[in-house]
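Novice: Once you've had a glance at the structure underneath, I'll fire off some questions.
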Amino acid sequence: MPRVRGEFLDLSGARLYYYAAGTRGAGEPVVFLHGFPTSGHVWGDVVPLVPAGHRVVVLDLLGYGRSDRPLDRSLSVDAHADRVIELFDQLRIDRACVVGHGLGGGIAQSIAVRYPARVSKLCLIASLAFDAWPTLGARAARTVIPVMRLLPPPALLGAVRRRLAHGFRDPERAARSIDLYLRPFTTDDGRDALAAHLRALLSADAAPLAARLSGITAQTAIIWGQRDNVLPIALGHRLQRAIPGATLQVVDGRHFIPEEDPRPVAEAIAGLLARA
């Protein structure tokens, strides 16, 4: 894989971190979007397997990883999508293959229906969609969110950690990755940011986006874990039926297949990129 370059961009007054590999203008760009509450780290084993000749961009969404806290900025799916388009503009990316996992898949759908000219191809991996928008037990958190600011961060993070662990097969990998994902949320400010993310998920209305999936024109590949106990495989089948010409590949994994099954994920992306 070419040398990786990481830096910050100012997008509407917030600094977002991204890293890139490959050469500008070489091949079809591939932009990777992570889910809740992870970061670009989720793609660490997939990116080296992307076929040569493609510029790769991996973003930490606002409020995650190394990017700025959200403060009073919107965390809606459409707002995240708008910031990704700003990223495209700053990096001079006209069109790209957009790859999204979980929440990132919802953002990718928003880009595909609202900015169709910017999406060359679409890859949705264990993606939020339809009535499964709130994820990782977020619906159960409705009664907790109003008092989150009164909870010490370790208490809140312990509950999130237990839910995330169900998405992995390997307990050791789960422990390492979850420690990294939750690091930005260990302070009082971080706890407030995590609460803001949960509020955004719980208030999301997926119906308008779901109604427009039939209008997606980009070639689409959907990848899912057969044993995903966060977002069930039935959701992948629904997405395949809703998006014209979409393909569905099922791997023997759980929710975090970009980490635990990077090779079949990368092979599916390579197959999508190779489509005429």
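The chains in the structure tokens are called A, B, ... from first to last as shown; in each chain the residues are counted from 1, and the ligands are counted from 1 in the order shown.
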What lies within 12 Å of Tyr115 of chain A using only C-alpha atoms, ignoring chain neighbours under 3 positions off, as a PDB file with N, CA and C atoms, in the first residue's frame?
Specialist:
ATOM      1  N   ASP A  78     -27.885  13.485   7.502  1.00  0.00           N
ATOM      2  CA  ASP A  78     -27.716  14.417   6.390  1.00  0.00           C
ATOM      3  C   ASP A  78     -26.602  15.435   6.662  1.00  0.00           C
ATOM      4  N   ALA A  81     -23.425  13.779   6.034  1.00  0.00           N
ATOM      5  CA  ALA A  81     -23.262  13.641   4.584  1.00  0.00           C
ATOM      6  C   ALA A  81     -22.798  14.948   3.957  1.00  0.00           C
ATOM      7  N   ASP A  82     -23.359  16.073   4.408  1.00  0.00           N
ATOM      8  CA  ASP A  82     -22.952  17.373   3.872  1.00  0.00           C
ATOM      9  C   ASP A  82     -21.473  17.646   4.149  1.00  0.00           C
ATOM     10  N   VAL A  84     -19.162  15.353   4.477  1.00  0.00           N
ATOM     11  CA  VAL A  84     -18.386  14.500   3.579  1.00  0.00           C
ATOM     12  C   VAL A  84     -18.270  15.149   2.201  1.00  0.00           C
ATOM     13  N   ILE A  85     -19.337  15.768   1.728  1.00  0.00           N
ATOM     14  CA  ILE A  85     -19.264  16.463   0.440  1.00  0.00           C
ATOM     15  C   ILE A  85     -18.289  17.638   0.525  1.00  0.00           C
ATOM     16  N   GLU A  86     -18.259  18.328   1.657  1.00  0.00           N
ATOM     17  CA  GLU A  86     -17.247  19.374   1.842  1.00  0.00           C
ATOM     18  C   GLU A  86     -15.840  18.784   1.734  1.00  0.00           C
ATOM     19  N   PHE A  88     -15.010  16.123   0.014  1.00  0.00           N
ATOM     20  CA  PHE A  88     -14.798  15.904  -1.417  1.00  0.00           C
ATOM     21  C   PHE A  88     -14.294  17.177  -2.079  1.00  0.00           C
ATOM     22  N   ASP A  94     -14.166  14.638  -7.425  1.00  0.00           N
ATOM     23  CA  ASP A  94     -15.427  14.865  -8.134  1.00  0.00           C
ATOM     24  C   ASP A  94     -16.430  13.761  -7.821  1.00  0.00           C
ATOM     25  N   ARG A  95     -15.991  12.518  -7.955  1.00  0.00           N
ATOM     26  CA  ARG A  95     -16.855  11.358  -7.713  1.00  0.00           C
ATOM     27  C   ARG A  95     -16.016  10.294  -7.035  1.00  0.00           C
ATOM     28  N   ALA A  96     -16.660   9.483  -6.214  1.00  0.00           N
ATOM     29  CA  ALA A  96     -15.927   8.437  -5.515  1.00  0.00           C
ATOM     30  C   ALA A  96     -16.831   7.251  -5.245  1.00  0.00           C
ATOM     31  N   VAL A  98     -18.169   5.243  -2.454  1.00  0.00           N
ATOM     32  CA  VAL A  98     -18.381   5.537  -1.035  1.00  0.00           C
ATOM     33  C   VAL A  98     -18.705   4.233  -0.315  1.00  0.00           C
ATOM     34  N   ILE A 107     -25.016   7.307   6.183  1.00  0.00           N
ATOM     35  CA  ILE A 107     -24.479   8.531   5.599  1.00  0.00           C
ATOM     36  C   ILE A 107     -24.217   8.331   4.103  1.00  0.00           C
ATOM     37  N   ALA A 108     -23.683   7.166   3.753  1.00  0.00           N
ATOM     38  CA  ALA A 108     -23.431   6.870   2.342  1.00  0.00           C
ATOM     39  C   ALA A 108     -24.729   6.865   1.546  1.00  0.00           C
ATOM     40  N   GLN A 109     -25.800   6.316   2.125  1.00  0.00           N
ATOM     41  CA  GLN A 109     -27.098   6.346   1.444  1.00  0.00           C
ATOM     42  C   GLN A 109     -27.560   7.785   1.233  1.00  0.00           C
ATOM     43  N   SER A 110     -27.386   8.625   2.255  1.00  0.00           N
ATOM     44  CA  SER A 110     -27.797  10.024   2.141  1.00  0.00           C
ATOM     45  C   SER A 110     -27.040  10.722   1.016  1.00  0.00           C
ATOM     46  N   ILE A 111     -25.739  10.454   0.914  1.00  0.00           N
ATOM     47  CA  ILE A 111     -24.957  11.054  -0.165  1.00  0.00           C
ATOM     48  C   ILE A 111     -25.462  10.559  -1.518  1.00  0.00           C
ATOM     49  N   ALA A 112     -25.749   9.261  -1.612  1.00  0.00           N
ATOM     50  CA  ALA A 112     -26.152   8.675  -2.896  1.00  0.00           C
ATOM     51  C   ALA A 112     -27.489   9.218  -3.388  1.00  0.00           C
ATOM     52  N   ARG A 118     -22.002  12.683  -7.246  1.00  0.00           N
ATOM     53  CA  ARG A 118     -20.725  12.560  -6.544  1.00  0.00           C
ATOM     54  C   ARG A 118     -20.381  11.111  -6.190  1.00  0.00           C
ATOM     55  N   VAL A 119     -21.309  10.187  -6.444  1.00  0.00           N
ATOM     56  CA  VAL A 119     -21.108   8.784  -6.046  1.00  0.00           C
ATOM     57  C   VAL A 119     -20.979   7.933  -7.299  1.00  0.00           C
ATOM     58  N   SER A 120     -19.784   7.394  -7.509  1.00  0.00           N
ATOM     59  CA  SER A 120     -19.560   6.517  -8.660  1.00  0.00           C
ATOM     60  C   SER A 120     -20.067   5.111  -8.370  1.00  0.00           C
ATOM     61  N   GLY A 215     -34.295   5.293  -6.080  1.00  0.00           N
ATOM     62  CA  GLY A 215     -33.734   6.225  -7.046  1.00  0.00           C
ATOM     63  C   GLY A 215     -32.220   6.209  -7.130  1.00  0.00           C
ATOM     64  N   ILE A 216     -31.566   5.375  -6.329  1.00  0.00           N
ATOM     65  CA  ILE A 216     -30.104   5.302  -6.375  1.00  0.00           C
ATOM     66  C   ILE A 216     -29.671   4.717  -7.712  1.00  0.00           C
ATOM     67  N   THR A 217     -28.793   5.422  -8.390  1.00  0.00           N
ATOM     68  CA  THR A 217     -28.330   4.987  -9.707  1.00  0.00           C
ATOM     69  C   THR A 217     -26.927   4.382  -9.668  1.00  0.00           C
ATOM     70  N   ALA A 218     -26.187   4.618  -8.592  1.00  0.00           N
ATOM     71  CA  ALA A 218     -24.834   4.068  -8.498  1.00  0.00           C
ATOM     72  C   ALA A 218     -24.890   2.549  -8.339  1.00  0.00           C
TER      73      ALA A 218
END
Novice: With only C-alpha atoms as the atoms that count, which of A:Ser214, A:Ala268, A:Gln226, A:Arg254 lies nearest to Arg241 of chain A?
Specialist: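 Among the listed residues, the smallest separation from Arg241 of chain A belongs to A:Ser214.
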Novice: As a list in words, please: all residues of segment 84-186 of chain A that backbone DSSP puts in strand (DSSP E).
Specialist: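 Going through segment 84-186 of chain A, the strand (DSSP E) residues come out as Ala96, Cys97, Val98, Val99, Gly100, His101, Gly102, Val119, Ser120, Lys121, Leu122, Cys123, Leu124, Ile125, Ala126 and Ser127 of chain A.
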Novice: How would the residues just picked look written out with N, CA and C atoms as a tab-separated table (two decimals), in the first residue's frame?
Specialist:
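File produced: part36.tsv:
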chain	number	residue	atom	x	y	z
A	96	ALA	N	-16.66	9.48	-6.21
A	96	ALA	CA	-15.93	8.44	-5.51
A	96	ALA	C	-16.83	7.25	-5.24
A	97	CYS	N	-16.20	6.10	-5.05
A	97	CYS	CA	-16.87	4.94	-4.49
A	97	CYS	C	-16.97	5.18	-2.99
A	98	VAL	N	-18.17	5.24	-2.45
A	98	VAL	CA	-18.38	5.54	-1.04
A	98	VAL	C	-18.70	4.23	-0.31
A	99	VAL	N	-17.91	3.93	0.72
A	99	VAL	CA	-18.05	2.69	1.48
A	99	VAL	C	-18.42	3.07	2.92
A	100	GLY	N	-19.54	2.53	3.42
A	100	GLY	CA	-19.99	2.88	4.76
A	100	GLY	C	-20.37	1.67	5.59
A	101	HIS	N	-19.99	1.70	6.87
A	101	HIS	CA	-20.33	0.64	7.83
A	101	HIS	C	-21.24	1.22	8.90
A	102	GLY	N	-22.34	0.53	9.22
A	102	GLY	CA	-23.23	0.99	10.28
A	102	GLY	C	-23.78	2.37	9.98
A	119	VAL	N	-21.31	10.19	-6.44
A	119	VAL	CA	-21.11	8.78	-6.05
A	119	VAL	C	-20.98	7.93	-7.30
A	120	SER	N	-19.78	7.39	-7.51
A	120	SER	CA	-19.56	6.52	-8.66
A	120	SER	C	-20.07	5.11	-8.37
A	121	LYS	N	-19.82	4.64	-7.16
A	121	LYS	CA	-20.30	3.34	-6.71
A	121	LYS	C	-20.58	3.42	-5.21
A	122	LEU	N	-21.38	2.47	-4.72
A	122	LEU	CA	-21.84	2.52	-3.33
A	122	LEU	C	-21.66	1.14	-2.70
A	123	CYS	N	-21.03	1.11	-1.52
A	123	CYS	CA	-20.83	-0.15	-0.81
A	123	CYS	C	-21.35	0.03	0.62
A	124	LEU	N	-22.36	-0.76	0.98
A	124	LEU	CA	-22.99	-0.67	2.29
A	124	LEU	C	-22.67	-1.93	3.08
A	125	ILE	N	-22.06	-1.75	4.24
A	125	ILE	CA	-21.61	-2.88	5.05
A	125	ILE	C	-22.34	-2.84	6.39
A	126	ALA	N	-23.19	-3.85	6.63
A	126	ALA	CA	-23.96	-3.91	7.89
A	126	ALA	C	-24.50	-2.52	8.22
A	127	SER	N	-25.25	-1.96	7.32
A	127	SER	CA	-25.62	-0.55	7.33
A	127	SER	C	-26.92	-0.28	8.07
Novice: Tell me which protein, DNA and RNA residues are within 8 Å of Ser76 of chain A, counting only C-alpha atoms, leaving out same-chain ones fewer than 4 positions away, and put them as a PyMOL selection string.
Specialist: chain A and resi 80+200-201+204
Novice: Output the selection as a JSON list (two decimals), in the first residue's frame - C-alpha atoms for each residue.
Specialist:
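Result went into again.json, see below:
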[["chain", "number", "residue", "atom", "x", "y", "z"],
["A", 80, "HIS", "CA", -22.65, 14.20, 8.31],
["A", 200, "ALA", "CA", -29.00, 12.08, 17.08],
["A", 201, "LEU", "CA", -29.46, 8.37, 16.43],
["A", 204, "ALA", "CA", -33.28, 10.13, 13.21]]
Novice: Need the shell around Leu182 of chain A: protein/DNA/RNA residues with any atom at most 8 Å away, counting only C-alpha atoms. Skip same-chain ones fewer than 2 positions apart. Format as an mmCIF file with C-alpha atoms, in the first residue's frame?
Specialist:
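Just written: selection-v7.cif:
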data_model
loop_
_atom_site.group_PDB
_atom_site.id
_atom_site.type_symbol
_atom_site.label_atom_id
_atom_site.label_comp_id
_atom_site.auth_asym_id
_atom_site.auth_seq_id
_atom_site.Cartn_x
_atom_site.Cartn_y
_atom_site.Cartn_z
ATOM 1 C CA PRO A 37 -19.192 4.818 18.003
ATOM 2 C CA THR A 38 -16.051 3.842 16.128
ATOM 3 C CA LEU A 157 -18.825 3.623 28.896
ATOM 4 C CA ILE A 178 -13.372 -0.903 21.915
ATOM 5 C CA ASP A 179 -10.690 0.680 24.122
ATOM 6 C CA LEU A 180 -9.558 2.700 21.104
ATOM 7 C CA PRO A 184 -12.484 10.112 23.052
ATOM 8 C CA PHE A 185 -15.470 9.656 25.403
ATOM 9 C CA THR A 186 -13.668 9.013 28.709
#
Novice: Show me, as a ChimeraX atom specification, the residues that have an atom within 7 Å of Phe168 of chain A when counting only C-alpha atoms, minus same-chain residues fewer than 6 positions from it.
Specialist: /A:174,254-256
Novice: Might you pull out every residue within 12 Å of Asp131 of chain A, with only C-alpha atoms counted and same-chain residues fewer than 4 positions away left off, and present them as a compact mmCIF listing (two decimals) with N, CA and C atoms, in the first residue's frame?
Specialist:
# COMPACT_ATOMS: atom_id res chain seq x y z
N GLY A 106 -25.52 4.58 6.54
CA GLY A 106 -26.64 5.52 6.44
C GLY A 106 -26.21 6.83 5.80
N SER A 127 -25.25 -1.96 7.32
CA SER A 127 -25.62 -0.55 7.33
C SER A 127 -26.92 -0.28 8.07
N THR A 135 -29.26 2.00 16.78
CA THR A 135 -28.53 0.74 16.82
C THR A 135 -27.88 0.51 18.18
N ARG A 139 -32.32 2.29 21.46
CA ARG A 139 -33.71 2.54 21.86
C ARG A 139 -33.86 2.40 23.38
N LEU A 201 -29.00 9.65 16.94
CA LEU A 201 -29.46 8.37 16.43
C LEU A 201 -30.93 8.14 16.75
N LEU A 202 -31.31 8.47 17.98
CA LEU A 202 -32.67 8.21 18.42
C LEU A 202 -33.69 9.12 17.76
N SER A 203 -33.25 10.30 17.37
CA SER A 203 -34.19 11.24 16.75
C SER A 203 -34.22 11.12 15.23
N ALA A 204 -33.36 10.25 14.67
CA ALA A 204 -33.28 10.13 13.21
C ALA A 204 -34.58 9.56 12.64
N ASP A 205 -35.02 10.16 11.56
CA ASP A 205 -36.21 9.69 10.85
C ASP A 205 -35.73 9.08 9.54
N ALA A 206 -35.74 7.75 9.47
CA ALA A 206 -35.20 7.07 8.29
C ALA A 206 -36.18 7.03 7.14
N ALA A 207 -37.45 7.34 7.39
CA ALA A 207 -38.47 7.16 6.35
C ALA A 207 -38.19 7.96 5.08
N PRO A 208 -37.85 9.26 5.16
CA PRO A 208 -37.61 10.00 3.90
C PRO A 208 -36.47 9.41 3.08
N LEU A 209 -35.41 8.97 3.74
CA LEU A 209 -34.29 8.38 3.02
C LEU A 209 -34.67 7.03 2.43
N ALA A 210 -35.37 6.21 3.23
CA ALA A 210 -35.78 4.89 2.74
C ALA A 210 -36.65 5.00 1.50
N ALA A 211 -37.49 6.04 1.46
CA ALA A 211 -38.39 6.20 0.33
C ALA A 211 -37.65 6.55 -0.96
N LEU A 231 -27.29 -5.51 13.70
CA LEU A 231 -28.21 -5.22 12.60
C LEU A 231 -28.38 -6.52 11.82
N PRO A 232 -29.52 -7.17 11.93
CA PRO A 232 -29.69 -8.52 11.40
C PRO A 232 -29.62 -8.58 9.88
N ALA A 234 -31.51 -9.79 7.80
CA ALA A 234 -32.76 -9.47 7.09
C ALA A 234 -32.75 -8.04 6.57
N LEU A 235 -32.07 -7.15 7.27
CA LEU A 235 -31.98 -5.76 6.83
C LEU A 235 -31.19 -5.65 5.53
N ARG A 238 -33.46 -6.52 2.73
CA ARG A 238 -34.38 -5.41 2.43
C ARG A 238 -33.69 -4.34 1.59
N LEU A 239 -32.45 -4.01 1.95
CA LEU A 239 -31.70 -3.02 1.18
C LEU A 239 -31.48 -3.49 -0.25
Novice: Which is closest to Leu62 of chain A among A:Arg114, A:Gly27, A:Leu49, A:Phe8, if we use only C-alpha atoms?
Specialist: A:Phe8
Novice: Go through A:Pro29, A:Gly190, A:Pro258, A:Gly40 one by one, measure the shortest atom-to-atom distance of each to Ala52 of chain A using only C-alpha atoms, and give the residue with the smallest value.
Specialist: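 Going through A:Pro29, A:Gly190, A:Pro258, A:Gly40 one by one, the smallest distance to Ala52 of chain A is for A:Pro29.
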Novice: Atom CA of Val46 of chain A to atom CA of Ser177 of chain A: how many Å, to one decimal?
Specialist: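 Atom CA of Ser177 of chain A lies at a distance of 14.9 Å from atom CA of Val46 of chain A.
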Novice: Choose the residue, out of A:Arg69, A:Arg263, A:Arg199, A:His166, that has the smallest atom-to-atom separation from Val251 of chain A; count only C-alpha atoms.
Specialist: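 Looking at the shortest contact to Val251 of chain A, the residue is A:Arg263.
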Novice: List every residue of segment 4-72 of chain A that DSSP, applied to the backbone of this structure, places in helix (DSSP H, G or I), and write the result as a list of chain:residue names.
Specialist: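 Those residues are A:Gly40, A:His41, A:Val42, A:Trp43, A:Val47, A:Pro48, A:Leu49.
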Novice: Could you name the residues that touch Trp43 of chain A at 10 Å or less, counting only C-alpha atoms, but leaving out those on the same chain fewer than 2 positions away, as an MDAnalysis selection string?
Specialist: chainID A and resid 32:34 39:41 45:48 58:59 101 257:259 262 266
Novice: Could the residues in this selection be written to a file with N, CA and C atoms, as a PDB file, in the first residue's frame?
Specialist:
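Here's the written file again-v4.pdb:
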ATOM      1  N   PHE A  32     -14.009   5.946   2.769  1.00  0.00           N
ATOM      2  CA  PHE A  32     -14.502   5.036   3.796  1.00  0.00           C
ATOM      3  C   PHE A  32     -15.121   5.820   4.958  1.00  0.00           C
ATOM      4  N   LEU A  33     -16.341   5.429   5.350  1.00  0.00           N
ATOM      5  CA  LEU A  33     -17.070   6.071   6.442  1.00  0.00           C
ATOM      6  C   LEU A  33     -17.389   5.029   7.511  1.00  0.00           C
ATOM      7  N   HIS A  34     -16.998   5.308   8.744  1.00  0.00           N
ATOM      8  CA  HIS A  34     -17.195   4.373   9.851  1.00  0.00           C
ATOM      9  C   HIS A  34     -18.565   4.552  10.496  1.00  0.00           C
ATOM     10  N   SER A  39     -14.354   4.686  14.609  1.00  0.00           N
ATOM     11  CA  SER A  39     -13.505   5.687  13.956  1.00  0.00           C
ATOM     12  C   SER A  39     -12.932   5.053  12.705  1.00  0.00           C
ATOM     13  N   GLY A  40     -12.063   5.782  12.025  1.00  0.00           N
ATOM     14  CA  GLY A  40     -11.419   5.241  10.843  1.00  0.00           C
ATOM     15  C   GLY A  40     -10.610   3.988  11.114  1.00  0.00           C
ATOM     16  N   HIS A  41     -10.301   3.723  12.385  1.00  0.00           N
ATOM     17  CA  HIS A  41      -9.549   2.522  12.754  1.00  0.00           C
ATOM     18  C   HIS A  41     -10.248   1.254  12.264  1.00  0.00           C
ATOM     19  N   ASP A  45      -7.524  -2.839   8.499  1.00  0.00           N
ATOM     20  CA  ASP A  45      -7.087  -4.059   7.810  1.00  0.00           C
ATOM     21  C   ASP A  45      -7.692  -4.199   6.420  1.00  0.00           C
ATOM     22  N   VAL A  46      -8.651  -3.338   6.076  1.00  0.00           N
ATOM     23  CA  VAL A  46      -9.257  -3.364   4.744  1.00  0.00           C
ATOM     24  C   VAL A  46      -8.447  -2.521   3.765  1.00  0.00           C
ATOM     25  N   VAL A  47      -8.035  -1.334   4.187  1.00  0.00           N
ATOM     26  CA  VAL A  47      -7.359  -0.389   3.296  1.00  0.00           C
ATOM     27  C   VAL A  47      -6.140  -0.988   2.604  1.00  0.00           C
ATOM     28  N   PRO A  48      -5.262  -1.750   3.309  1.00  0.00           N
ATOM     29  CA  PRO A  48      -4.102  -2.305   2.600  1.00  0.00           C
ATOM     30  C   PRO A  48      -4.468  -3.304   1.504  1.00  0.00           C
ATOM     31  N   VAL A  58      -9.885   7.881   4.305  1.00  0.00           N
ATOM     32  CA  VAL A  58     -10.564   7.339   5.488  1.00  0.00           C
ATOM     33  C   VAL A  58     -10.797   8.493   6.463  1.00  0.00           C
ATOM     34  N   LEU A  59     -12.050   8.732   6.806  1.00  0.00           N
ATOM     35  CA  LEU A  59     -12.439   9.899   7.595  1.00  0.00           C
ATOM     36  C   LEU A  59     -12.848   9.493   9.008  1.00  0.00           C
ATOM     37  N   HIS A 101     -19.993   1.704   6.871  1.00  0.00           N
ATOM     38  CA  HIS A 101     -20.332   0.641   7.827  1.00  0.00           C
ATOM     39  C   HIS A 101     -21.241   1.223   8.898  1.00  0.00           C
ATOM     40  N   ILE A 257     -17.420  -6.813  10.701  1.00  0.00           N
ATOM     41  CA  ILE A 257     -16.715  -7.590   9.684  1.00  0.00           C
ATOM     42  C   ILE A 257     -15.565  -6.830   9.023  1.00  0.00           C
ATOM     43  N   PRO A 258     -15.579  -5.475   8.945  1.00  0.00           N
ATOM     44  CA  PRO A 258     -14.373  -4.842   8.403  1.00  0.00           C
ATOM     45  C   PRO A 258     -13.121  -5.168   9.218  1.00  0.00           C
ATOM     46  N   GLU A 259     -13.283  -5.392  10.517  1.00  0.00           N
ATOM     47  CA  GLU A 259     -12.146  -5.746  11.362  1.00  0.00           C
ATOM     48  C   GLU A 259     -11.864  -7.241  11.356  1.00  0.00           C
ATOM     49  N   PRO A 262     -11.629  -8.823   7.077  1.00  0.00           N
ATOM     50  CA  PRO A 262     -11.253  -7.762   6.128  1.00  0.00           C
ATOM     51  C   PRO A 262     -11.056  -8.255   4.703  1.00  0.00           C
ATOM     52  N   ALA A 266     -12.730  -6.596   1.520  1.00  0.00           N
ATOM     53  CA  ALA A 266     -11.900  -5.946   0.502  1.00  0.00           C
ATOM     54  C   ALA A 266     -12.141  -6.561  -0.870  1.00  0.00           C
TER      55      ALA A 266
END
Novice: Rounded to one decimal place, report the atom CA of Gly105 of chain A-atom CA of Leu273 of chain A distance in Å.
Specialist: 17.3 Å
Novice: Given the choices A:His197, A:Arg163, A:Gly63, A:Trp224, which gets closest to Gln240 of chain A if the distance is worked out from only C-alpha atoms?
Specialist: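 Among the listed residues, A:Trp224 lies closest to Gln240 of chain A.
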Novice: Have a look at A:Ala242, A:Val56, A:Val50, A:Leu9 and name the one nearest to Gly22 of chain A; count only C-alpha atoms.
Specialist: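 So, comparing all the options, the nearest one is A:Val56.
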